[in-house]
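Trainee: Enclosed is the structure file structure-v9.cif (mmCIF, C-alpha atoms and all ligand atoms).
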data_input
#
loop_
_atom_site.group_PDB
_atom_site.id
_atom_site.type_symbol
_atom_site.label_atom_id
_atom_site.label_comp_id
_atom_site.auth_asym_id
_atom_site.auth_seq_id
_atom_site.Cartn_x
_atom_site.Cartn_y
_atom_site.Cartn_z
ATOM 1 C CA MET C 1 12.021 10.911 -5.345
ATOM 2 C CA ILE C 2 9.257 9.194 -3.407
ATOM 3 C CA PHE C 3 7.574 5.807 -3.612
ATOM 4 C CA ASP C 4 4.144 5.362 -2.034
ATOM 5 C CA GLY C 5 3.703 1.840 -0.705
ATOM 6 C CA HIS C 6 -0.065 2.161 -0.455
ATOM 7 C CA SER C 7 -2.353 4.119 -2.740
ATOM 8 C CA ASP C 8 -6.115 3.826 -3.232
ATOM 9 C CA ILE C 9 -5.859 6.009 -6.336
ATOM 10 C CA LEU C 10 -7.705 3.424 -8.468
ATOM 11 C CA TYR C 11 -10.732 3.914 -6.262
ATOM 12 C CA GLY C 12 -10.572 7.655 -6.954
ATOM 13 C CA ILE C 13 -9.940 7.182 -10.672
ATOM 14 C CA ASN C 14 -12.866 4.799 -10.999
ATOM 15 C CA ARG C 15 -15.171 7.132 -9.110
ATOM 16 C CA TRP C 16 -14.426 9.980 -11.512
ATOM 17 C CA ARG C 17 -14.763 7.733 -14.555
ATOM 18 C CA GLN C 18 -18.153 6.508 -13.344
ATOM 19 C CA ARG C 19 -19.161 10.186 -13.449
ATOM 20 C CA GLY C 20 -18.148 10.365 -17.105
ATOM 21 C CA GLU C 21 -14.594 11.738 -16.910
ATOM 22 C CA THR C 22 -11.674 10.372 -18.921
ATOM 23 C CA HIS C 23 -7.879 10.927 -18.529
ATOM 24 C CA VAL C 24 -8.427 11.162 -14.782
ATOM 25 C CA PHE C 25 -4.864 10.308 -13.805
ATOM 26 C CA GLN C 26 -3.385 12.856 -16.172
ATOM 27 C CA ARG C 27 -5.782 15.621 -15.287
ATOM 28 C CA ARG C 28 -6.388 15.189 -11.592
ATOM 29 C CA TYR C 29 -3.453 13.315 -10.105
ATOM 30 C CA LEU C 30 -0.382 13.609 -12.341
ATOM 31 C CA PRO C 31 0.255 17.245 -11.302
ATOM 32 C CA TRP C 32 0.407 16.153 -7.640
ATOM 33 C CA PHE C 33 2.828 13.363 -8.471
ATOM 34 C CA GLN C 34 5.073 15.672 -10.466
ATOM 35 C CA ARG C 35 5.058 18.461 -7.909
ATOM 36 C CA SER C 36 6.218 16.106 -5.173
ATOM 37 C CA GLY C 37 8.486 13.796 -7.106
ATOM 38 C CA ILE C 38 6.249 10.782 -6.482
ATOM 39 C CA GLU C 39 7.745 8.323 -8.912
ATOM 40 C CA GLY C 40 5.772 5.197 -8.148
ATOM 41 C CA GLY C 41 3.618 3.201 -5.823
ATOM 42 C CA ILE C 42 1.539 0.167 -5.066
ATOM 43 C CA PHE C 43 -1.903 0.933 -6.492
ATOM 44 C CA VAL C 44 -4.488 -1.362 -4.970
ATOM 45 C CA LEU C 45 -7.861 -2.724 -5.940
ATOM 46 C CA TRP C 46 -9.934 -1.901 -2.904
ATOM 47 C CA VAL C 47 -13.536 -2.796 -2.098
ATOM 48 C CA ASN C 48 -15.436 -0.162 -0.129
ATOM 49 C CA PRO C 49 -18.044 -2.027 1.950
ATOM 50 C CA GLU C 50 -20.108 1.155 2.232
ATOM 51 C CA ASN C 51 -20.573 2.108 -1.410
ATOM 52 C CA GLY C 52 -23.503 -0.219 -2.082
ATOM 53 C CA LEU C 53 -22.074 -2.211 -4.990
ATOM 54 C CA PRO C 54 -21.098 -5.887 -4.717
ATOM 55 C CA ALA C 55 -17.366 -6.420 -4.140
ATOM 56 C CA SER C 56 -16.875 -8.241 -7.444
ATOM 57 C CA VAL C 57 -18.488 -5.351 -9.353
ATOM 58 C CA GLN C 58 -16.272 -2.782 -7.648
ATOM 59 C CA ILE C 59 -13.181 -4.782 -8.587
ATOM 60 C CA GLN C 60 -14.275 -5.212 -12.197
ATOM 61 C CA GLN C 61 -14.978 -1.490 -12.475
ATOM 62 C CA GLN C 62 -11.562 -0.580 -11.078
ATOM 63 C CA ILE C 63 -9.757 -2.986 -13.431
ATOM 64 C CA GLN C 64 -11.711 -1.576 -16.377
ATOM 65 C CA ALA C 65 -11.003 2.002 -15.307
ATOM 66 C CA LEU C 66 -7.307 1.212 -14.969
ATOM 67 C CA GLN C 67 -7.126 -0.324 -18.433
ATOM 68 C CA SER C 68 -8.748 2.755 -19.950
ATOM 69 C CA GLU C 69 -6.428 5.097 -18.065
ATOM 70 C CA LEU C 70 -3.347 3.120 -19.146
ATOM 71 C CA GLN C 71 -4.411 3.450 -22.765
ATOM 72 C CA GLU C 72 -5.067 7.161 -22.396
ATOM 73 C CA GLY C 73 -1.936 7.894 -20.361
ATOM 74 C CA ALA C 74 0.602 5.498 -21.846
ATOM 75 C CA ASP C 75 3.225 8.260 -22.109
ATOM 76 C CA ASN C 76 3.514 8.805 -18.395
ATOM 77 C CA LEU C 77 2.008 5.850 -16.539
ATOM 78 C CA LEU C 78 3.292 2.288 -16.566
ATOM 79 C CA MET C 79 2.045 -0.813 -14.785
ATOM 80 C CA LEU C 80 4.897 -3.162 -13.881
ATOM 81 C CA ARG C 81 4.628 -6.841 -14.637
ATOM 82 C CA THR C 82 8.225 -7.656 -15.535
ATOM 83 C CA ALA C 83 11.759 -6.477 -14.793
ATOM 84 C CA GLU C 84 11.848 -4.977 -18.306
ATOM 85 C CA ASP C 85 8.866 -2.798 -17.396
ATOM 86 C CA LEU C 86 10.778 -1.468 -14.404
ATOM 87 C CA GLU C 87 13.779 -0.691 -16.610
ATOM 88 C CA GLU C 88 11.530 1.121 -19.057
ATOM 89 C CA ALA C 89 9.934 3.161 -16.268
ATOM 90 C CA MET C 90 13.367 4.234 -15.004
ATOM 91 C CA LEU C 91 14.727 4.982 -18.460
ATOM 92 C CA LEU C 92 11.734 6.986 -19.674
ATOM 93 C CA GLN C 93 10.928 8.396 -16.238
ATOM 94 C CA LYS C 94 7.369 7.186 -16.308
ATOM 95 C CA ILE C 95 5.335 6.943 -13.135
ATOM 96 C CA TYR C 96 5.198 3.255 -12.383
ATOM 97 C CA PHE C 97 3.227 1.010 -10.087
ATOM 98 C CA ILE C 98 2.485 -2.559 -9.301
ATOM 99 C CA LEU C 99 -1.146 -3.502 -9.113
ATOM 100 C CA GLY C 100 -2.197 -4.837 -5.733
ATOM 101 C CA ALA C 101 -5.208 -6.554 -4.189
ATOM 102 C CA GLU C 102 -6.103 -4.999 -0.847
ATOM 103 C CA GLY C 103 -7.912 -7.994 0.550
ATOM 104 C CA LEU C 104 -9.414 -10.962 -1.266
ATOM 105 C CA ASP C 105 -13.085 -10.165 -0.723
ATOM 106 C CA GLY C 106 -14.970 -10.322 -3.986
ATOM 107 C CA TYR C 107 -12.826 -13.028 -5.545
ATOM 108 C CA VAL C 108 -13.275 -16.797 -5.663
ATOM 109 C CA GLN C 109 -12.585 -17.870 -2.071
ATOM 110 C CA ASP C 110 -9.928 -20.443 -2.809
ATOM 111 C CA ALA C 111 -6.248 -20.210 -3.647
ATOM 112 C CA THR C 112 -6.853 -20.314 -7.404
ATOM 113 C CA CYS C 113 -7.927 -16.686 -7.200
ATOM 114 C CA ILE C 114 -4.207 -15.889 -6.906
ATOM 115 C CA ASP C 115 -3.715 -17.381 -10.404
ATOM 116 C CA TRP C 116 -6.480 -15.175 -11.764
ATOM 117 C CA LEU C 117 -5.056 -12.084 -10.078
ATOM 118 C CA TYR C 118 -1.599 -12.801 -11.464
ATOM 119 C CA GLU C 119 -3.042 -12.983 -14.966
ATOM 120 C CA GLN C 120 -4.616 -9.560 -14.438
ATOM 121 C CA GLY C 121 -1.147 -8.217 -13.661
ATOM 122 C CA VAL C 122 -1.532 -8.162 -9.879
ATOM 123 C CA ARG C 123 1.834 -8.557 -8.105
ATOM 124 C CA HIS C 124 0.875 -7.677 -4.522
ATOM 125 C CA VAL C 125 -1.708 -9.316 -2.252
ATOM 126 C CA GLY C 126 -3.179 -8.614 1.165
ATOM 127 C CA LEU C 127 -5.331 -11.559 2.227
ATOM 128 C CA THR C 128 -8.037 -9.476 3.917
ATOM 129 C CA TRP C 129 -9.270 -5.967 4.470
ATOM 130 C CA ASN C 130 -10.637 -5.433 7.994
ATOM 131 C CA HIS C 131 -12.993 -8.400 8.167
ATOM 132 C CA ALA C 132 -12.599 -12.167 7.953
ATOM 133 C CA ASN C 133 -12.943 -13.985 4.645
ATOM 134 C CA GLY C 134 -12.193 -17.456 3.274
ATOM 135 C CA PHE C 135 -8.447 -16.901 3.693
ATOM 136 C CA ALA C 136 -7.702 -15.109 6.959
ATOM 137 C CA GLY C 137 -8.919 -12.728 9.636
ATOM 138 C CA GLY C 138 -8.724 -8.940 9.391
ATOM 139 C CA VAL C 139 -8.356 -6.646 12.399
ATOM 140 C CA TYR C 140 -12.105 -6.745 13.183
ATOM 141 C CA SER C 141 -12.039 -10.536 13.555
ATOM 142 C CA ASP C 142 -10.005 -13.015 15.543
ATOM 143 C CA ASN C 143 -9.409 -16.082 13.411
ATOM 144 C CA GLY C 144 -6.076 -17.151 11.984
ATOM 145 C CA LEU C 145 -5.288 -18.263 8.436
ATOM 146 C CA THR C 146 -7.617 -20.895 6.988
ATOM 147 C CA GLU C 147 -6.422 -23.877 4.946
ATOM 148 C CA GLU C 148 -7.163 -21.880 1.785
ATOM 149 C CA GLY C 149 -5.278 -18.947 3.257
ATOM 150 C CA MET C 150 -2.210 -21.129 3.719
ATOM 151 C CA ARG C 151 -2.514 -22.384 0.158
ATOM 152 C CA ALA C 152 -2.889 -18.805 -1.052
ATOM 153 C CA VAL C 153 0.316 -17.750 0.743
ATOM 154 C CA LYS C 154 2.178 -20.640 -0.886
ATOM 155 C CA ASN C 155 0.807 -19.631 -4.285
ATOM 156 C CA ILE C 156 1.778 -15.985 -3.673
ATOM 157 C CA ASN C 157 5.316 -17.050 -2.729
ATOM 158 C CA GLN C 158 5.673 -19.375 -5.707
ATOM 159 C CA LYS C 159 4.734 -16.519 -8.032
ATOM 160 C CA LYS C 160 7.041 -14.109 -6.164
ATOM 161 C CA MET C 161 4.181 -11.732 -5.539
ATOM 162 C CA LEU C 162 4.447 -9.421 -2.525
ATOM 163 C CA LEU C 163 2.552 -10.536 0.570
ATOM 164 C CA ASP C 164 1.118 -7.618 2.562
ATOM 165 C CA VAL C 165 0.032 -8.165 6.184
ATOM 166 C CA SER C 166 -1.176 -4.631 7.014
ATOM 167 C CA HIS C 167 -4.849 -5.494 7.595
ATOM 168 C CA LEU C 168 -4.431 -8.898 9.265
ATOM 169 C CA ASN C 169 -5.280 -9.460 12.914
ATOM 170 C CA ASP C 170 -2.484 -10.633 15.208
ATOM 171 C CA LYS C 171 -3.285 -14.308 14.848
ATOM 172 C CA SER C 172 -3.421 -14.268 11.059
ATOM 173 C CA LEU C 173 -0.307 -12.110 10.894
ATOM 174 C CA ARG C 174 1.576 -14.605 13.049
ATOM 175 C CA ASP C 175 0.393 -17.493 10.847
ATOM 176 C CA ALA C 176 1.368 -15.657 7.672
ATOM 177 C CA LEU C 177 4.840 -14.844 8.957
ATOM 178 C CA ARG C 178 5.322 -18.441 10.063
ATOM 179 C CA ILE C 179 4.700 -19.932 6.630
ATOM 180 C CA ALA C 180 5.771 -17.117 4.301
ATOM 181 C CA ASP C 181 8.850 -17.647 2.208
ATOM 182 C CA GLY C 182 10.187 -14.346 0.884
ATOM 183 C CA PRO C 183 9.911 -10.722 2.001
ATOM 184 C CA VAL C 184 6.705 -9.746 3.786
ATOM 185 C CA ILE C 185 5.534 -6.142 3.865
ATOM 186 C CA ALA C 186 3.081 -4.144 5.958
ATOM 187 C CA SER C 187 2.505 -1.455 3.368
ATOM 188 C CA HIS C 188 0.507 1.000 5.480
ATOM 189 C CA SER C 189 0.691 0.473 9.258
ATOM 190 C CA ASN C 190 2.144 2.439 12.155
ATOM 191 C CA SER C 191 3.503 1.537 15.589
ATOM 192 C CA ARG C 192 1.026 0.234 18.147
ATOM 193 C CA ARG C 193 3.332 1.360 20.951
ATOM 194 C CA LEU C 194 2.769 4.983 19.865
ATOM 195 C CA CYS C 195 -0.867 4.661 18.774
ATOM 196 C CA ASP C 196 -2.668 1.693 20.268
ATOM 197 C CA VAL C 197 -5.110 0.611 17.561
ATOM 198 C CA PRO C 198 -5.328 -2.884 16.059
ATOM 199 C CA ARG C 199 -4.317 -1.644 12.574
ATOM 200 C CA ASN C 200 -0.893 -0.715 13.925
ATOM 201 C CA LEU C 201 1.963 -3.137 14.599
ATOM 202 C CA THR C 202 3.595 -4.276 17.825
ATOM 203 C CA ASP C 203 7.349 -3.929 18.189
ATOM 204 C CA ASP C 204 7.769 -7.680 17.756
ATOM 205 C CA GLN C 205 5.711 -7.663 14.561
ATOM 206 C CA ILE C 206 7.789 -4.810 13.121
ATOM 207 C CA LYS C 207 10.999 -6.688 13.892
ATOM 208 C CA ALA C 208 9.615 -9.942 12.472
ATOM 209 C CA ILE C 209 8.626 -8.237 9.199
ATOM 210 C CA ALA C 210 12.086 -6.663 8.939
ATOM 211 C CA SER C 211 13.696 -10.062 9.504
ATOM 212 C CA THR C 212 11.991 -11.357 6.329
ATOM 213 C CA GLY C 213 13.759 -8.592 4.410
ATOM 214 C CA GLY C 214 10.463 -6.711 4.107
ATOM 215 C CA VAL C 215 9.346 -3.125 4.627
ATOM 216 C CA VAL C 216 6.809 -1.350 6.847
ATOM 217 C CA GLY C 217 5.255 1.790 5.340
ATOM 218 C CA ILE C 218 4.060 4.501 7.724
ATOM 219 C CA ASN C 219 0.457 5.583 7.290
ATOM 220 C CA SER C 220 -0.831 9.180 7.466
ATOM 221 C CA HIS C 221 -4.482 8.195 8.074
ATOM 222 C CA PRO C 222 -5.152 10.302 11.220
ATOM 223 C CA PRO C 223 -6.661 7.602 13.517
ATOM 224 C CA PHE C 224 -3.505 5.506 13.049
ATOM 225 C CA VAL C 225 -1.155 8.403 13.856
ATOM 226 C CA HIS C 226 -2.402 9.229 17.348
ATOM 227 C CA THR C 227 -5.464 8.409 19.438
ATOM 228 C CA GLU C 228 -5.795 12.100 20.427
ATOM 229 C CA LYS C 229 -7.127 14.261 17.625
ATOM 230 C CA GLU C 230 -4.864 17.262 18.272
ATOM 231 C CA LYS C 231 -1.793 15.033 17.991
ATOM 232 C CA GLN C 232 -2.644 13.660 14.560
ATOM 233 C CA ASN C 233 0.086 15.689 12.863
ATOM 234 C CA LEU C 234 3.495 15.484 11.178
ATOM 235 C CA GLU C 235 5.352 15.459 14.477
ATOM 236 C CA HIS C 236 3.611 12.287 15.600
ATOM 237 C CA LEU C 237 3.735 10.671 12.173
ATOM 238 C CA ALA C 238 7.508 11.215 12.204
ATOM 239 C CA ASN C 239 7.650 9.647 15.681
ATOM 240 C CA HIS C 240 6.391 6.377 14.185
ATOM 241 C CA LEU C 241 9.158 6.420 11.610
ATOM 242 C CA ILE C 242 11.820 7.184 14.206
ATOM 243 C CA HIS C 243 10.571 4.412 16.482
ATOM 244 C CA MET C 244 10.536 1.880 13.639
ATOM 245 C CA ALA C 245 14.003 2.937 12.498
ATOM 246 C CA GLU C 246 15.309 2.236 15.991
ATOM 247 C CA LEU C 247 13.641 -1.178 16.027
ATOM 248 C CA ALA C 248 14.254 -2.378 12.508
ATOM 249 C CA GLY C 249 16.824 -0.121 10.844
ATOM 250 C CA THR C 250 16.267 2.400 8.074
ATOM 251 C CA GLU C 251 16.437 -0.277 5.377
ATOM 252 C CA HIS C 252 13.081 -1.718 6.462
ATOM 253 C CA ILE C 253 10.821 1.347 6.630
ATOM 254 C CA GLY C 254 9.065 3.456 4.047
ATOM 255 C CA PHE C 255 5.911 5.392 3.242
ATOM 256 C CA GLY C 256 2.451 3.957 2.661
ATOM 257 C CA PHE C 257 0.616 7.247 2.838
ATOM 258 C CA ASP C 258 -2.933 5.857 2.463
ATOM 259 C CA LEU C 259 -4.207 9.221 1.200
ATOM 260 C CA ASN C 260 -7.946 9.706 1.000
ATOM 261 C CA TYR C 261 -9.251 8.906 -2.497
ATOM 262 C CA TRP C 262 -12.622 7.598 -1.349
ATOM 263 C CA ASP C 263 -14.102 10.929 -0.281
ATOM 264 C CA ASP C 264 -13.739 14.103 -2.350
ATOM 265 C CA SER C 265 -15.852 16.325 -0.107
ATOM 266 C CA ALA C 266 -14.318 19.481 1.394
ATOM 267 C CA ASN C 267 -14.209 18.003 4.894
ATOM 268 C CA ALA C 268 -12.839 14.594 3.856
ATOM 269 C CA GLU C 269 -10.805 12.935 6.585
ATOM 270 C CA GLY C 270 -7.049 13.357 6.278
ATOM 271 C CA MET C 271 -4.091 14.856 8.074
ATOM 272 C CA GLU C 272 -4.067 18.603 7.379
ATOM 273 C CA GLU C 273 -0.321 18.670 6.718
ATOM 274 C CA LEU C 274 -0.321 15.545 4.541
ATOM 275 C CA LYS C 275 -3.615 15.339 2.735
ATOM 276 C CA GLN C 276 -2.283 14.968 -0.776
ATOM 277 C CA TYR C 277 0.990 14.263 -2.502
ATOM 278 C CA GLY C 278 1.756 17.967 -3.005
ATOM 279 C CA GLN C 279 2.647 18.047 0.703
ATOM 280 C CA ALA C 280 5.157 15.187 0.621
ATOM 281 C CA VAL C 281 8.199 17.410 0.033
ATOM 282 C CA PRO C 282 7.720 19.487 3.220
ATOM 283 C CA PHE C 283 7.366 16.183 5.077
ATOM 284 C CA LEU C 284 10.780 15.080 3.802
ATOM 285 C CA HIS C 285 12.292 18.399 4.913
ATOM 286 C CA TYR C 286 10.729 17.902 8.295
ATOM 287 C CA LEU C 287 12.185 14.386 8.596
ATOM 288 C CA LYS C 288 15.602 15.857 7.893
ATOM 289 C CA GLN C 289 15.095 18.273 10.776
ATOM 290 C CA ARG C 290 14.197 15.308 12.958
ATOM 291 C CA GLY C 291 17.597 13.764 12.338
ATOM 292 C CA PHE C 292 17.403 11.495 9.282
ATOM 293 C CA SER C 293 20.412 11.830 6.970
ATOM 294 C CA GLY C 294 20.158 12.249 3.200
ATOM 295 C CA PRO C 295 21.125 8.607 2.469
ATOM 296 C CA GLU C 296 18.654 7.372 5.098
ATOM 297 C CA LEU C 297 15.870 9.444 3.588
ATOM 298 C CA ARG C 298 16.629 8.014 0.156
ATOM 299 C CA GLN C 299 16.223 4.503 1.571
ATOM 300 C CA ILE C 300 13.003 5.383 3.355
ATOM 301 C CA SER C 301 11.365 7.476 0.680
ATOM 302 C CA ARG C 302 12.193 5.236 -2.254
ATOM 303 C CA ASP C 303 14.898 2.592 -2.266
ATOM 304 C CA ASN C 304 13.445 0.151 0.257
ATOM 305 C CA PHE C 305 10.164 -0.228 -1.593
ATOM 306 C CA LEU C 306 12.015 -0.265 -4.892
ATOM 307 C CA ARG C 307 13.804 -3.353 -3.567
ATOM 308 C CA MET C 308 10.361 -4.898 -3.046
ATOM 309 C CA MET C 309 9.392 -3.990 -6.631
ATOM 310 C CA GLN C 310 12.512 -5.700 -7.907
ATOM 311 C CA TYR C 311 11.488 -8.825 -6.010
ATOM 312 C CA ALA C 312 7.942 -8.790 -7.371
ATOM 313 C CA VAL C 313 8.612 -8.126 -11.052
ATOM 314 C CA VAL C 314 10.745 -10.824 -12.636
HETATM 315 ZN ZN ZN Y 401 -5.841 -0.288 3.924
#
Let me see the file written as structure tokens.
Ligand SMILES: [Zn+2]

Mentor:
Amino acid sequence: MIFDGHSDILYGINRWRQRGETHVFQRRYLPWFQRSGIEGGIFVLWVNPENGLPASVQIQQQIQALQSELQEGADNLLMLRTAEDLEEAMLLQKIYFILGAEGLDGYVQDATCIDWLYEQGVRHVGLTWNHANGFAGGVYSDNGLTEEGMRAVKNINQKKMLLDVSHLNDKSLRDALRIADGPVIASHSNSRRLCDVPRNLTDDQIKAIASTGGVVGINSHPPFVHTEKEKQNLEHLANHLIHMAELAGTEHIGFGFDLNYWDDSANAEGMEELKQYGQAVPFLHYLKQRGFSGPELRQISRDNFLRMMQYAVV
């Protein structure tokens, strides 16, 4: 079974619902999940700066779309808020997720927005997407955490929500790790040593995240796999996992596939061999060929992120 540490599926679901569809998860995505044994994930609220709508509107739409989908698909989809929810998901074999905020653009720019998010059921927070906001600096900026950002991290820790540093720049990431209390994750980032882009992590950052007890999820978004187009493939994606396993151990790595839900055109960007969940099983077989044992693959594909879920739902 597989857990996806980073999914923009709510963006895709909302887009289809805005076009008048209902039961989008059941009709469009559930078959993928079932075919590949995807049992759960972190489903994030994500603001697309290029879609023309204000950030706050995009978030409201996605929350509304999610609520409708949960009502329509209650038999097979469960949002986790508590430990009992996780037990129910395991017992009834429902697909489960925690709701995440991928960046705090579009919310009130002070630490009380964490309270509001928690009330909405959010249990995972990244402070920024790629740009700077009132809390921290993303990879396209160079400032560290602000005062409000520090307060937000404290609030996140007090509520035992998961803090995600994937989109932070180096300075903000260092600040966050310095003050964070509890496991820190980078849900969808690769190794900068193998693919030198700011969205990927240095060896020291990977080790520091592991030392919090956290998890780094490898990302199949092609530009983060390799800087050369012809090397954006499974072989090089697996190289990231192998490198991280050597640095941090197999108990601190996982998958954050970052599949493309924002573009449904025929030529949408994505790695040919891992463009949708239906291709996750061949990837696992390939990782076995590359030397991971069965128990290691269970940790990587599921158990490590499940440990993070158990932390975040109490
Ligand atoms: Zn992202």

Trainee: Which of these, C:Ile218, C:Leu117, C:Val108, C:Ala89, has the shortest distance to ligand ZN 401 (chain Y) once you count all atoms listed in the file?

Mentor: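 Smallest separation from ligand ZN 401 (chain Y) among the options: C:Ile218.
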
Trainee: Running the PyMOL selection byres (((not hetatm)) within 8 of (chain Y and resi 401)) on this model by hand, what would come out? Give it as a list of chain:residue names.

Mentor: C:His6, C:Glu102, C:Trp129, C:Ser166, C:His167, C:His188, C:Asp258

Trainee: Please dump the current selection as a PDB file, in the coordinates of the input; keep C-alpha atoms.

Mentor:
ATOM      1  CA  HIS C   6      -0.065   2.161  -0.455  1.00  0.00           C
ATOM      2  CA  GLU C 102      -6.103  -4.999  -0.847  1.00  0.00           C
ATOM      3  CA  TRP C 129      -9.270  -5.967   4.470  1.00  0.00           C
ATOM      4  CA  SER C 166      -1.176  -4.631   7.014  1.00  0.00           C
ATOM      5  CA  HIS C 167      -4.849  -5.494   7.595  1.00  0.00           C
ATOM      6  CA  HIS C 188       0.507   1.000   5.480  1.00  0.00           C
ATOM      7  CA  ASP C 258      -2.933   5.857   2.463  1.00  0.00           C
TER       8      ASP C 258
END

Trainee: If you measure from CA of His131 (chain C) to CA of Val44 (chain C), what distance in Å do you get, rounded to one decimal?

Mentor: 17.2 Å

Trainee: Produce a table with one row for each residue of region 12-91 of chain C that has an atom at most 12 Å from any atom of region 252-257 of chain C, each row naming the nearest atom pair and its distance in Å at one decimal; use only C-alpha atoms; arrange rows by chain and rising residue number; format as JSON lines.

Mentor:
{"residue": "C:Ile38", "atom": "CA", "partner": "C:Phe255", "partner_atom": "CA", "distance": 11.1}
{"residue": "C:Gly40", "atom": "CA", "partner": "C:Gly256", "partner_atom": "CA", "distance": 11.4}
{"residue": "C:Gly41", "atom": "CA", "partner": "C:Gly256", "partner_atom": "CA", "distance": 8.6}
{"residue": "C:Ile42", "atom": "CA", "partner": "C:Gly256", "partner_atom": "CA", "distance": 8.7}
{"residue": "C:Phe43", "atom": "CA", "partner": "C:Gly256", "partner_atom": "CA", "distance": 10.6}
{"residue": "C:Val44", "atom": "CA", "partner": "C:Gly256", "partner_atom": "CA", "distance": 11.6}

Trainee: Between C:Ile185, C:Leu237, C:Val313, C:Val57, which is the closest to Phe224 (chain C) once you count only C-alpha atoms?

Mentor: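 Among C:Ile185, C:Leu237, C:Val313, C:Val57, it is C:Leu237 that comes nearest to Phe224 (chain C).
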
Trainee: Run through the PyMOL selection byres (((chain C and resi 209) around 10) and not hetatm) on the given coordinates and return the selected residues as a PyMOL selection string.

Mentor: chain C and resi 165+173+177+183-186+201+204-208+210-216+248+252

Trainee: What is the CA of Leu80 (chain C) to CA of Ile98 (chain C) distance in Å?

Mentor: 5.2 Å

Trainee: For the provided coordinates, the residues matched by the PyMOL selection byres (((chain C and resi 154) around 12) and not hetatm) should be stated as a list in words.

Mentor: Ala111, Thr112, Ile114, Asp115, Glu147, Glu148, Gly149, Met150, Arg151, Ala152, Val153, Asn155, Ile156, Asn157, Gln158, Lys159, Lys160, Met161, Leu162, Leu163, Ala176, Leu177, Arg178, Ile179, Ala180, Asp181 and Gly182 of chain C

Trainee: For a quick check of understanding, using all atoms listed in the file, which of C:Arg81, C:Arg307, C:Arg174, C:Lys229 has the smallest distance to Tyr96 (chain C)?

Mentor: C:Arg81

Trainee: Which residue, C:Leu99, C:Gly294, C:Val197, C:Pro54, has the smallest gap to Gln120 (chain C) when you use all atoms listed in the file?

Mentor: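 Closest to Gln120 (chain C), using all atoms listed in the file: C:Leu99.
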
Trainee: Counting only C-alpha atoms, figure out which residue out of C:Leu66, C:Leu10, C:Ile2, C:Ile95 gets nearest to Leu30 (chain C).

Mentor: C:Ile95

Trainee: Using Å and a single decimal, report how far CA of Asn133 (chain C) sits from CA of Gln60 (chain C).

Mentor: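 So the answer is 19.0 Å.
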
Trainee: Residues near Lys94 (chain C), anyone? I mean within 10 Å using all atoms listed in the file, not counting same-chain ones fewer than 3 positions away, as a compact mmCIF listing (two decimals) with C-alpha atoms, in the coordinates of the input.

Mentor:
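Written file, out_23.txt:
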# COMPACT_ATOMS: atom_id res chain seq x y z
CA GLU C 39 7.74 8.32 -8.91
CA GLY C 40 5.77 5.20 -8.15
CA ALA C 74 0.60 5.50 -21.85
CA ASP C 75 3.22 8.26 -22.11
CA ASN C 76 3.51 8.80 -18.40
CA LEU C 77 2.01 5.85 -16.54
CA LEU C 78 3.29 2.29 -16.57
CA MET C 79 2.04 -0.81 -14.78
CA LEU C 86 10.78 -1.47 -14.40
CA GLU C 88 11.53 1.12 -19.06
CA ALA C 89 9.93 3.16 -16.27
CA MET C 90 13.37 4.23 -15.00
CA LEU C 91 14.73 4.98 -18.46
CA PHE C 97 3.23 1.01 -10.09

Trainee: Using all atoms listed in the file, which of the listed residues (C:Thr227, C:Gln310, C:Thr128, C:Asn169) sits closest to Ala101 (chain C)?

Mentor: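 Of all the options, C:Thr128 lies closest to Ala101 (chain C).
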
Trainee: Assuming 8 Å of padding per side, give the centre and edge lengths of the axis-aligned box around every listed atom of region 239-253 of chain C, in Å to one decimal and as AutoDock Vina command-line options.

Mentor:
--center_x 11.6 --center_y 3.6 --center_z 10.9 --size_x 26.4 --size_y 28.0 --size_z 27.1

Trainee: Neighbours of Ser172 (chain C) within 9 Å (all atoms listed in the file; same-chain residues fewer than 5 positions away dropped), as a count of residues only?

Mentor: 10

Trainee: So that I can check the surroundings of His236 (chain C), please list as number ranges by chain every protein, DNA and RNA residue that reaches within 12 Å of it, counting all atoms listed in the file and ignoring chain neighbours fewer than 3 positions away.

Mentor: C: 190-191, 194-195, 218-233, 239-243, 271, 273, 283, 286-287, 290

Trainee: The residues within 10 Å of (-16.9, -8.5, -2.6), using only C-alpha atoms and the coordinates of the file, should be reported as a CSV table (one decimal) with C-alpha atoms, keeping the file's coordinate frame; which are they?

Mentor:
chain,number,residue,atom,x,y,z
C,46,TRP,CA,-9.9,-1.9,-2.9
C,47,VAL,CA,-13.5,-2.8,-2.1
C,48,ASN,CA,-15.4,-0.2,-0.1
C,49,PRO,CA,-18.0,-2.0,2.0
C,53,LEU,CA,-22.1,-2.2,-5.0
C,54,PRO,CA,-21.1,-5.9,-4.7
C,55,ALA,CA,-17.4,-6.4,-4.1
C,56,SER,CA,-16.9,-8.2,-7.4
C,57,VAL,CA,-18.5,-5.4,-9.4
C,58,GLN,CA,-16.3,-2.8,-7.6
C,59,ILE,CA,-13.2,-4.8,-8.6
C,103,GLY,CA,-7.9,-8.0,0.6
C,104,LEU,CA,-9.4,-11.0,-1.3
C,105,ASP,CA,-13.1,-10.2,-0.7
C,106,GLY,CA,-15.0,-10.3,-4.0
C,107,TYR,CA,-12.8,-13.0,-5.5
C,108,VAL,CA,-13.3,-16.8,-5.7
C,133,ASN,CA,-12.9,-14.0,4.6

Trainee: Could you check which residues have any atom within 12 Å of (-13.4, 5.6, -15.2), counting only C-alpha atoms with coordinates taken straight from the file, and then list them as a ChimeraX atom specification?

Mentor: /C:9-25,58,60-72

Trainee: Show which residues sit within 7 Å of Tyr277 (chain C), as a list in words. Count all atoms listed in the file, and ignore same-chain residues fewer than 6 positions away.

Mentor: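 Result of the neighbour search: Trp32, Phe33 and Ser36 of chain C.
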